[in-house]
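Structure data (TSV, C-alpha atoms) from work_15.tsv:
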```tsv
chain	number	residue	atom	x	y	z
M	7	MET	CA	95.07	112.75	125.98
M	8	LYS	CA	91.50	111.54	126.24
M	9	HIS	CA	90.78	109.05	123.49
M	10	GLY	CA	88.16	111.32	122.00
M	11	LEU	CA	90.56	114.24	121.50
M	12	ARG	CA	91.61	114.86	117.92
M	13	VAL	CA	94.64	116.86	116.96
M	14	LEU	CA	95.41	118.56	113.67
M	15	GLY	CA	99.18	118.21	113.23
M	16	LEU	CA	100.77	120.63	110.75
M	17	ASP	CA	103.99	120.77	108.81
M	18	ASP	CA	105.25	122.47	105.66
M	19	GLY	CA	107.10	120.97	102.74
M	20	PRO	CA	110.68	121.75	101.71
M	21	PHE	CA	111.36	124.53	99.18
M	22	ASN	CA	114.17	126.39	97.48
M	23	LYS	CA	114.10	129.88	98.96
M	24	PHE	CA	115.62	131.39	95.81
M	25	THR	CA	113.41	129.78	93.16
M	26	ASP	CA	110.18	128.47	94.73
M	27	ILE	CA	107.14	130.70	95.14
M	28	LYS	CA	105.03	128.00	96.76
M	29	THR	CA	105.38	124.84	98.80
M	30	VAL	CA	102.79	122.70	100.57
M	31	ILE	CA	101.41	122.68	104.08
M	32	VAL	CA	99.92	119.40	105.27
M	33	GLY	CA	97.49	118.78	108.15
M	34	VAL	CA	97.00	115.32	109.65
M	35	ILE	CA	94.00	114.59	111.87
M	36	MET	CA	94.31	111.75	114.34
M	37	ARG	CA	93.68	110.58	117.87
M	38	LEU	CA	96.47	109.06	119.93
M	39	ASN	CA	97.11	105.40	119.13
M	40	TYR	CA	94.44	105.45	116.44
M	41	PRO	CA	94.92	105.37	112.69
M	42	VAL	CA	95.02	108.65	110.79
M	43	GLU	CA	91.48	109.91	110.17
M	44	GLY	CA	91.96	112.73	107.73
M	45	ILE	CA	94.51	114.69	105.72
M	46	SER	CA	94.47	118.26	104.38
M	47	VAL	CA	96.88	119.52	101.75
M	48	ARG	CA	97.19	123.20	100.77
M	49	GLU	CA	99.64	125.39	98.91
M	50	ILE	CA	101.43	128.04	100.94
M	51	THR	CA	103.53	130.99	99.77
M	52	VAL	CA	107.24	130.92	100.55
M	53	ASP	CA	107.93	133.92	102.84
M	54	GLY	CA	104.29	134.94	102.34
M	55	MET	CA	101.67	135.93	104.89
M	56	ASP	CA	98.99	133.35	104.11
M	57	SER	CA	99.69	130.62	106.70
M	58	THR	CA	97.12	131.94	109.18
M	59	GLU	CA	94.29	132.00	106.62
M	60	ILE	CA	95.29	128.57	105.28
M	61	VAL	CA	95.36	126.93	108.71
M	62	MET	CA	91.97	128.46	109.51
M	63	SER	CA	90.64	127.10	106.19
M	64	MET	CA	91.82	123.62	107.24
M	65	ILE	CA	90.05	123.93	110.60
M	66	ARG	CA	86.88	125.13	108.85
M	67	GLY	CA	87.08	122.62	105.99
M	68	ARG	CA	85.87	119.06	105.67
M	69	PHE	CA	87.01	118.21	109.22
M	70	ARG	CA	85.21	121.16	110.84
M	71	GLY	CA	83.99	120.17	114.29
M	72	ASP	CA	86.38	117.20	114.52
M	73	ILE	CA	89.49	119.10	115.59
M	74	ASP	CA	90.11	119.73	119.31
M	75	PHE	CA	93.51	121.37	119.05
M	76	VAL	CA	96.30	122.17	116.60
M	77	MET	CA	99.94	121.14	116.98
M	78	CYS	CA	102.87	122.31	114.92
M	79	ASN	CA	106.63	122.58	114.90
M	80	GLY	CA	107.15	126.28	115.69
M	81	ILE	CA	105.12	129.15	114.27
M	82	THR	CA	107.04	129.85	111.05
M	83	PHE	CA	106.09	127.98	107.88
M	84	ALA	CA	107.58	128.11	104.38
M	85	GLY	CA	110.35	130.44	105.48
M	86	PHE	CA	109.01	133.49	107.30
M	87	ASN	CA	105.31	132.84	106.74
M	88	ILE	CA	104.36	133.39	110.36
M	89	LEU	CA	101.33	131.63	111.80
M	90	ASP	CA	99.33	133.99	113.99
M	91	ILE	CA	98.30	131.39	116.55
M	92	GLN	CA	96.44	133.96	118.69
M	93	LYS	CA	94.31	134.86	115.67
M	94	VAL	CA	93.69	131.19	114.83
M	95	TYR	CA	92.44	130.65	118.38
M	96	SER	CA	90.37	133.83	118.61
M	97	LYS	CA	88.70	133.27	115.21
M	98	THR	CA	88.11	129.50	115.44
M	99	GLY	CA	88.11	128.73	119.17
M	100	ILE	CA	90.63	125.93	118.57
M	101	PRO	CA	93.76	126.07	120.79
M	102	VAL	CA	97.18	125.92	119.14
M	103	ILE	CA	100.37	124.41	120.57
M	104	ALA	CA	103.64	125.01	118.71
M	105	VAL	CA	106.65	123.02	119.90
M	106	THR	CA	110.27	123.25	118.84
M	107	ARG	CA	113.47	121.70	120.10
M	108	LYS	CA	115.52	124.72	119.09
M	109	ASN	CA	115.14	128.09	120.75
M	110	PRO	CA	113.13	130.16	118.27
M	111	SER	CA	115.18	133.28	119.03
M	112	ILE	CA	112.89	136.28	118.63
M	113	GLU	CA	115.91	138.58	118.31
M	114	LYS	CA	117.39	136.59	115.43
M	115	ILE	CA	114.10	136.29	113.56
M	116	SER	CA	113.32	139.97	114.10
M	117	ARG	CA	116.71	140.98	112.70
M	118	ALA	CA	116.18	138.86	109.57
M	119	LEU	CA	112.67	140.26	109.12
M	120	LEU	CA	113.84	143.88	109.50
M	121	LEU	CA	116.53	143.25	106.90
M	122	HIS	CA	114.44	141.52	104.23
M	123	PHE	CA	110.75	142.34	104.66
M	124	LYS	CA	108.86	145.58	104.04
M	125	ASP	CA	106.12	144.40	106.40
M	126	SER	CA	108.59	143.33	109.07
M	127	GLU	CA	106.74	145.28	111.77
M	128	GLU	CA	103.55	143.28	111.26
M	129	ARG	CA	105.43	139.98	111.33
M	130	ILE	CA	107.46	140.89	114.40
M	131	LYS	CA	104.24	141.91	116.16
M	132	ILE	CA	102.79	138.41	115.63
M	133	ILE	CA	105.93	136.76	116.98
M	134	THR	CA	106.21	138.94	120.06
M	135	GLU	CA	102.52	138.51	120.84
M	136	THR	CA	103.05	134.82	121.58
M	137	PRO	CA	105.65	134.43	124.32
M	138	VAL	CA	107.77	131.28	124.39
M	139	ASP	CA	107.77	128.93	127.36
M	140	LYS	CA	110.85	126.81	127.95
M	141	ILE	CA	110.24	123.44	129.60
M	142	GLY	CA	112.32	120.43	130.52
M	143	TYR	CA	111.14	117.32	128.72
M	144	GLY	CA	113.01	114.15	129.63
M	145	ASP	CA	116.65	115.04	128.99
M	146	ARG	CA	115.71	117.74	126.50
M	147	ILE	CA	114.45	121.30	126.45
M	148	LEU	CA	111.28	122.10	124.51
M	149	TYR	CA	110.13	125.57	123.51
M	150	ILE	CA	106.39	126.06	123.42
M	151	ASN	CA	104.23	128.76	121.86
M	152	ARG	CA	100.57	128.45	122.68
M	153	ALA	CA	97.20	130.11	122.24
M	154	GLY	CA	93.98	129.32	124.09
M	155	ILE	CA	95.49	126.74	126.41
M	156	GLU	CA	97.25	126.69	129.79
M	157	LEU	CA	100.92	125.64	129.85
M	158	ASN	CA	100.29	122.60	132.10
M	159	ARG	CA	97.59	121.33	129.80
M	160	ALA	CA	99.73	121.98	126.72
M	161	VAL	CA	102.60	119.95	128.19
M	162	GLU	CA	100.23	117.12	129.07
M	163	LEU	CA	98.91	117.05	125.49
M	164	ILE	CA	102.44	117.11	124.08
M	165	LYS	CA	103.42	114.16	126.29
M	166	ASN	CA	100.41	112.17	125.16
M	167	THR	CA	100.82	112.97	121.48
M	168	VAL	CA	104.47	111.98	121.20
M	169	ASN	CA	104.53	108.42	119.95
M	170	THR	CA	107.98	107.71	118.58
M	171	GLY	CA	111.02	109.92	119.01
M	172	ASN	CA	110.31	113.37	120.39
M	173	ILE	CA	107.93	114.57	117.72
M	174	PRO	CA	104.15	114.56	118.16
M	175	GLU	CA	102.92	111.79	115.86
M	176	PRO	CA	100.49	113.92	113.76
M	177	VAL	CA	103.28	116.47	113.15
M	178	ARG	CA	105.68	113.68	112.16
M	179	MET	CA	103.08	112.27	109.75
M	180	ALA	CA	102.45	115.74	108.27
M	181	HIS	CA	106.21	116.09	107.80
M	182	LEU	CA	106.52	112.75	105.96
M	183	ILE	CA	103.63	113.57	103.64
M	184	ALA	CA	104.78	117.15	102.91
M	185	THR	CA	108.35	116.07	102.06
M	186	ALA	CA	107.08	113.20	99.88
M	187	ILE	CA	104.78	115.53	97.92
M	188	ILE	CA	107.64	117.91	97.14
M	189	ASN	CA	110.60	115.49	96.87
M	190	LYS	CA	108.77	112.30	95.74
M	191	GLU	CA	110.00	110.47	98.83
M	192	SER	CA	109.72	111.24	102.52
M	193	HIS	CA	112.81	111.64	104.59
M	194	GLY	CA	113.93	111.85	108.17
M	195	ARG	CA	112.24	113.63	111.00
M	196	VAL	CA	110.89	117.09	111.69
W	10	MET	CA	102.65	89.32	109.83
W	11	LYS	CA	106.04	89.11	111.46
W	12	HIS	CA	106.89	92.42	113.06
W	13	GLY	CA	109.87	92.87	110.78
W	14	LEU	CA	107.81	92.61	107.57
W	15	ARG	CA	107.28	95.88	105.76
W	16	VAL	CA	104.60	96.43	103.20
W	17	LEU	CA	104.41	99.07	100.48
W	18	GLY	CA	100.71	99.94	100.21
W	19	LEU	CA	99.68	101.64	96.97
W	20	ASP	CA	96.74	103.72	95.83
W	21	ASP	CA	96.07	106.25	93.10
W	22	GLY	CA	94.47	109.67	93.36
W	23	PRO	CA	91.14	110.70	91.87
W	24	PHE	CA	91.04	112.25	88.38
W	25	ASN	CA	88.64	113.51	85.76
W	26	LYS	CA	88.83	111.00	82.92
W	27	PHE	CA	87.87	113.61	80.34
W	28	THR	CA	90.23	116.40	81.31
W	29	ASP	CA	93.11	115.06	83.44
W	30	ILE	CA	96.26	113.69	81.85
W	31	LYS	CA	97.89	112.83	85.16
W	32	THR	CA	97.00	111.96	88.73
W	33	VAL	CA	99.16	110.74	91.61
W	34	ILE	CA	100.08	107.32	92.88
W	35	VAL	CA	101.10	107.11	96.54
W	36	GLY	CA	103.07	104.39	98.31
W	37	VAL	CA	103.06	104.03	102.10
W	38	ILE	CA	105.67	101.90	103.86
W	39	MET	CA	104.79	100.50	107.25
W	40	ARG	CA	104.87	97.49	109.52
W	41	LEU	CA	101.73	96.29	111.24
W	42	ASN	CA	100.85	98.28	114.36
W	43	TYR	CA	103.83	100.54	113.82
W	44	PRO	CA	103.83	104.16	112.68
W	45	VAL	CA	104.27	104.91	108.98
W	46	GLU	CA	107.96	104.77	108.06
W	47	GLY	CA	108.06	106.21	104.58
W	48	ILE	CA	105.96	107.72	101.80
W	49	SER	CA	106.49	107.83	98.03
W	50	VAL	CA	104.55	110.13	95.71
W	51	ARG	CA	104.70	109.88	91.91
W	52	GLU	CA	102.70	111.16	88.95
W	53	ILE	CA	100.92	108.56	86.85
W	54	THR	CA	99.27	108.91	83.44
W	55	VAL	CA	95.50	108.52	83.29
W	56	ASP	CA	94.79	105.46	81.08
W	57	GLY	CA	98.55	105.28	80.42
W	58	MET	CA	100.89	102.30	80.60
W	59	ASP	CA	103.42	103.62	83.13
W	60	SER	CA	102.14	102.14	86.42
W	61	THR	CA	104.49	99.13	86.27
W	62	GLU	CA	107.61	101.27	85.77
W	63	ILE	CA	106.48	103.72	88.46
W	64	VAL	CA	105.84	101.03	91.07
W	65	MET	CA	109.23	99.47	90.31
W	66	SER	CA	110.83	102.93	90.72
W	67	MET	CA	109.22	103.15	94.18
W	68	ILE	CA	110.57	99.72	95.15
W	69	ARG	CA	114.03	100.70	93.87
W	70	GLY	CA	113.97	104.21	95.33
W	71	ARG	CA	114.89	105.53	98.73
W	72	PHE	CA	113.23	102.58	100.50
W	73	ARG	CA	115.08	99.95	98.45
W	74	GLY	CA	115.74	96.89	100.58
W	75	ASP	CA	113.10	97.84	103.15
W	76	ILE	CA	110.05	96.53	101.31
W	77	ASP	CA	109.03	92.88	101.78
W	78	PHE	CA	105.85	92.90	99.72
W	79	VAL	CA	103.48	95.22	97.88
W	80	MET	CA	99.75	95.53	98.49
W	81	CYS	CA	97.21	97.36	96.39
W	82	ASN	CA	93.53	97.64	95.67
W	83	GLY	CA	93.25	95.75	92.36
W	84	ILE	CA	95.69	95.96	89.46
W	85	THR	CA	94.25	98.95	87.57
W	86	PHE	CA	95.43	102.45	88.48
W	87	ALA	CA	94.43	105.83	87.07
W	88	GLY	CA	91.75	104.32	84.88
W	89	PHE	CA	93.11	101.50	82.72
W	90	ASN	CA	96.79	101.90	83.63
W	91	ILE	CA	97.31	98.22	84.36
W	92	LEU	CA	99.96	97.15	86.84
W	93	ASP	CA	101.87	94.14	85.54
W	94	ILE	CA	102.33	92.46	88.90
W	95	GLN	CA	104.13	89.45	87.37
W	96	LYS	CA	106.70	91.81	85.87
W	97	VAL	CA	107.10	93.73	89.16
W	98	TYR	CA	107.82	90.43	90.91
W	99	SER	CA	110.13	89.00	88.25
W	100	LYS	CA	112.16	92.24	87.93
W	101	THR	CA	112.37	93.19	91.62
W	102	GLY	CA	111.83	89.92	93.51
W	103	ILE	CA	109.16	91.62	95.64
W	104	PRO	CA	105.80	89.77	95.81
W	105	VAL	CA	102.62	91.69	95.02
W	106	ILE	CA	99.16	91.13	96.48
W	107	ALA	CA	96.22	93.00	94.93
W	108	VAL	CA	92.92	92.79	96.80
W	109	THR	CA	89.49	94.04	95.79
W	110	ARG	CA	86.05	93.64	97.23
W	111	LYS	CA	84.41	93.80	93.83
W	112	ASN	CA	84.86	91.12	91.21
W	113	PRO	CA	87.37	92.61	88.75
W	114	SER	CA	85.53	91.07	85.78
W	115	ILE	CA	88.11	90.26	83.12
W	116	GLU	CA	85.39	90.12	80.47
W	117	LYS	CA	84.09	93.59	81.27
W	118	ILE	CA	87.56	95.16	81.39
W	119	SER	CA	88.59	93.39	78.18
W	120	ARG	CA	85.51	94.69	76.38
W	121	ALA	CA	86.24	98.28	77.49
W	122	LEU	CA	89.89	97.92	76.46
W	123	LEU	CA	89.01	96.52	73.01
W	124	LEU	CA	86.62	99.41	72.46
W	125	HIS	CA	88.87	102.29	73.53
W	126	PHE	CA	92.54	101.28	73.35
W	127	LYS	CA	94.76	100.65	70.35
W	128	ASP	CA	97.07	98.55	72.53
W	129	SER	CA	94.18	96.60	74.05
W	130	GLU	CA	95.86	93.27	73.28
W	131	GLU	CA	98.90	94.10	75.41
W	132	ARG	CA	96.73	95.26	78.31
W	133	ILE	CA	94.41	92.27	78.14
W	134	LYS	CA	97.46	89.97	78.13
W	135	ILE	CA	98.63	91.49	81.44
W	136	ILE	CA	95.22	91.02	83.02
W	137	THR	CA	94.75	87.45	81.89
W	138	GLU	CA	98.26	86.49	83.01
W	139	THR	CA	97.31	87.06	86.65
W	140	PRO	CA	94.34	84.85	87.53
W	141	VAL	CA	91.97	86.00	90.26
W	142	ASP	CA	91.39	83.96	93.40
W	143	LYS	CA	88.09	84.37	95.20
W	144	ILE	CA	88.17	83.84	98.95
W	145	GLY	CA	85.73	84.13	101.82
W	146	TYR	CA	86.84	86.72	104.34
W	147	GLY	CA	84.59	87.05	107.38
W	148	ASP	CA	81.16	87.70	105.87
W	149	ARG	CA	82.66	89.09	102.68
W	150	ILE	CA	84.21	87.87	99.46
W	151	LEU	CA	87.67	89.15	98.51
W	152	TYR	CA	89.23	88.89	95.07
W	153	ILE	CA	92.99	88.46	95.05
W	154	ASN	CA	95.57	88.86	92.29
W	155	ARG	CA	99.05	87.85	93.31
W	156	ALA	CA	102.58	87.41	92.02
W	157	GLY	CA	105.47	85.65	93.72
W	158	ILE	CA	103.45	84.41	96.71
W	159	GLU	CA	101.26	81.42	97.57
W	160	LEU	CA	97.54	82.04	98.11
W	161	ASN	CA	97.59	80.83	101.74
W	162	ARG	CA	100.45	83.17	102.57
W	163	ALA	CA	98.79	86.07	100.75
W	164	VAL	CA	95.58	85.59	102.75
W	165	GLU	CA	97.57	85.45	105.99
W	166	LEU	CA	99.31	88.72	105.11
W	167	ILE	CA	96.01	90.37	104.18
W	168	LYS	CA	94.49	89.31	107.52
W	169	ASN	CA	97.44	90.74	109.41
W	170	THR	CA	97.57	93.99	107.48
W	171	VAL	CA	93.92	94.91	107.88
W	172	ASN	CA	93.71	97.23	110.84
W	173	THR	CA	90.39	99.05	110.67
W	174	GLY	CA	87.56	98.22	108.32
W	175	ASN	CA	88.37	95.74	105.59
W	176	ILE	CA	91.18	97.66	103.92
W	177	PRO	CA	94.87	96.90	104.53
W	178	GLU	CA	96.11	99.85	106.60
W	179	PRO	CA	98.97	100.93	104.25
W	180	VAL	CA	96.53	100.93	101.30
W	181	ARG	CA	94.02	102.97	103.34
W	182	MET	CA	96.77	105.48	104.24
W	183	ALA	CA	97.89	105.69	100.59
W	184	HIS	CA	94.27	106.37	99.63
W	185	LEU	CA	93.88	109.19	102.19
W	186	ILE	CA	97.12	110.85	101.05
W	187	ALA	CA	96.39	110.51	97.32
W	188	THR	CA	92.88	111.97	97.61
W	189	ALA	CA	94.14	114.84	99.81
W	190	ILE	CA	96.87	115.73	97.29
W	191	ILE	CA	94.35	115.97	94.44
W	192	ASN	CA	91.25	117.25	96.27
W	193	LYS	CA	92.89	119.18	99.16
W	194	GLU	CA	91.14	116.96	101.70
W	195	SER	CA	91.04	113.21	102.13
W	196	HIS	CA	87.75	111.42	102.01
W	197	GLY	CA	86.21	108.06	102.75
W	198	ARG	CA	87.67	104.66	102.15
W	199	VAL	CA	89.29	102.80	99.28
```

The structure in this file should be written as structure tokens.
Amino acid sequence: MKHGLRVLGLDDGPFNKFTDIKTVIVGVIMRLNYPVEGISVREITVDGMDSTEIVMSMIRGRFRGDIDFVMCNGITFAGFNILDIQKVYSKTGIPVIAVTRKNPSIEKISRALLLHFKDSEERIKIITETPVDKIGYGDRILYINRAGIELNRAVELIKNTVNTGNIPEPVRMAHLIATAIINKESHGRV
Amino acid sequence: MKHGLRVLGLDDGPFNKFTDIKTVIVGVIMRLNYPVEGISVREITVDGMDSTEIVMSMIRGRFRGDIDFVMCNGITFAGFNILDIQKVYSKTGIPVIAVTRKNPSIEKISRALLLHFKDSEERIKIITETPVDKIGYGDRILYINRAGIELNRAVELIKNTVNTGNIPEPVRMAHLIATAIINKESHGRV
């Protein structure tokens, strides 16, 4: 990563899927090997459809113009609140890279959506619009969804953003903050 | 700072002194030049008397045993919620270093307390129990309150904890997180 490149790392807070209507989504803005520069905190609806608008509001908020790309841990937030990364890119011009260590099985998610959501078709459309690339990363497999960026470039950015463990540092920071807001104290990893 | 030494950096969130009953206090646990290891978030009463108990609950919480000393920006949180740093040290054994760039005038604070607080005597007692040391730091003056630690050692730890600007990095991080929780987006410096 060039030193000038700033990433917005996203993660959602924990929630009880039976009782909680909302949780938080946290964005952390930083450059590699530099201190955190900015933090965004928003509420997000559990199993809602507002993640795309919320992430765009972060990009267009106080840190507008500072963010070069977005990184997150998969494209589902707060349950089945699916981030439309193609829309984020087409509306804001900011590329999005979503990385997970587990295979985000489209079949499994689609089945759950069909079973529990009236608007399952719309949600499944978003998921199927962003194909998953599977790459070897050290001794692991990573699954990557991306919008507005070539796979090679996305992998390069992932490699340069991972500081400790296998999680991009801004995503790890967002995770710590989001869990601490909801549970008083941060825990573990993404 | 020895690499093993972990600091709990504290800062409070913004609040409206006329309308807000509570704000947040955030603790960030880190070692110098290492990524953040843990985050604590608590509510604190504006102009209340709960900061001492809350800070002790952070020290005794999930990160119990990990924290070597506490750093904060002065000893008043959420208005006139005065942190009894002597009590924190005597009850937990963890030293506390409070640094400010402005002279925390005891006379001024005492006058405000006498005017507005029924328990002003108790609050003034806490303030006067922790004398302020004034030190030259580069081209600046720093004011230091401390408990359980020698002045020389406190200055050494301050020097080693300041990463960017003149603010100890864990305190700067706590500030960013606390302002983002209350105002949606972090801003500025301590």

Next on the checklist: Could you list, as JSON, numbers by chain, every residue within 12 Å of M:Asn172, counting only C-alpha atoms and ignoring same-chain residues fewer than 6 positions away?
Outcome noted: {"M": [79, 105, 106, 107, 143, 144, 145, 146, 147, 148, 164, 165, 166, 178, 195, 196]}

Next on the checklist: If I take atom CA of M:Ile133 and atom CA of M:His193, how far is one from the other in Å, to one decimal?
Outcome noted: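 Atom-to-atom, atom CA of M:Ile133 and atom CA of M:His193 are spaced 28.8 Å apart.
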
Please, which residues in chain W fall within 8 Å of chain M when counting all atoms listed in the file, and what is the closest atom pair and distance in Å to one decimal for each, ordered by chain then residue number, as a tab-separated table?
```
residue	atom	partner	partner_atom	distance
W:Val45	CA	M:Met179	CA	7.5
W:Gly47	CA	M:Ser192	CA	5.7
W:Ile48	CA	M:Ser192	CA	5.2
W:Ser49	CA	M:Glu191	CA	4.5
W:Val50	CA	M:Lys190	CA	4.7
W:Arg51	CA	M:Lys190	CA	6.1
W:Arg71	CA	M:Glu191	CA	7.0
W:Met182	CA	M:Val42	CA	7.5
W:Leu185	CA	M:Ile45	CA	6.6
W:Ile186	CA	M:Ile45	CA	6.6
W:Ala189	CA	M:Ser46	CA	5.7
W:Ile190	CA	M:Val47	CA	5.9
W:Lys193	CA	M:Val47	CA	4.8
W:Glu194	CA	M:Ser46	CA	4.5
W:Ser195	CA	M:Ile45	CA	5.2
W:His196	CA	M:Gly44	CA	7.2
```

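One distance worth recording is that between atom CA of W:Val97 and atom CA of W:Phe78, which is 10.7 Å.
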
Next on the checklist: With distances taken over only C-alpha atoms, which residue among M:Gly154, M:Gly71, M:Phe83, M:Gly10 lies nearest M:Ile31?
Outcome noted: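 Ranked by minimum distance to M:Ile31, first place goes to M:Phe83.
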
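Of the listed residues M:Arg12, M:Lys124, M:Lys108, M:Arg117, the one whose atoms come nearest to M:Ile150 is M:Lys108, with distances taken using only C-alpha atoms.
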
Item to check | Shell around stretch 130-135 of chain W at 6 Å using all atoms listed in the file, local window under 2 positions removed, as a PyMOL selection string | outcome: chain W and resi 93+119+128+137-138

Keeping only C-alpha atoms, write the selected residues as a PDB file, in the frame of the given file.
```
ATOM      1  CA  ASP W  93     101.870  94.140  85.540  1.00  0.00           C
ATOM      2  CA  SER W 119      88.590  93.390  78.180  1.00  0.00           C
ATOM      3  CA  ASP W 128      97.070  98.550  72.530  1.00  0.00           C
ATOM      4  CA  THR W 137      94.750  87.450  81.890  1.00  0.00           C
ATOM      5  CA  GLU W 138      98.260  86.490  83.010  1.00  0.00           C
TER       6      GLU W 138
END
```

Next on the checklist: Taking only C-alpha atoms into account, name the residue in M:Ile103, M:Ile27, M:Ile60, M:Met77 that is nearest to M:Ile155.
Outcome noted: M:Ile103

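Going from atom CA of M:Val161 to atom CA of M:Gly142 covers 10.0 Å.
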
Next on the checklist: From the options M:Arg70, M:Asp139, M:Ile88, M:Leu119, which residue's atoms come nearest to M:Glu156, counting all atoms listed in the file?
Outcome noted: M:Asp139
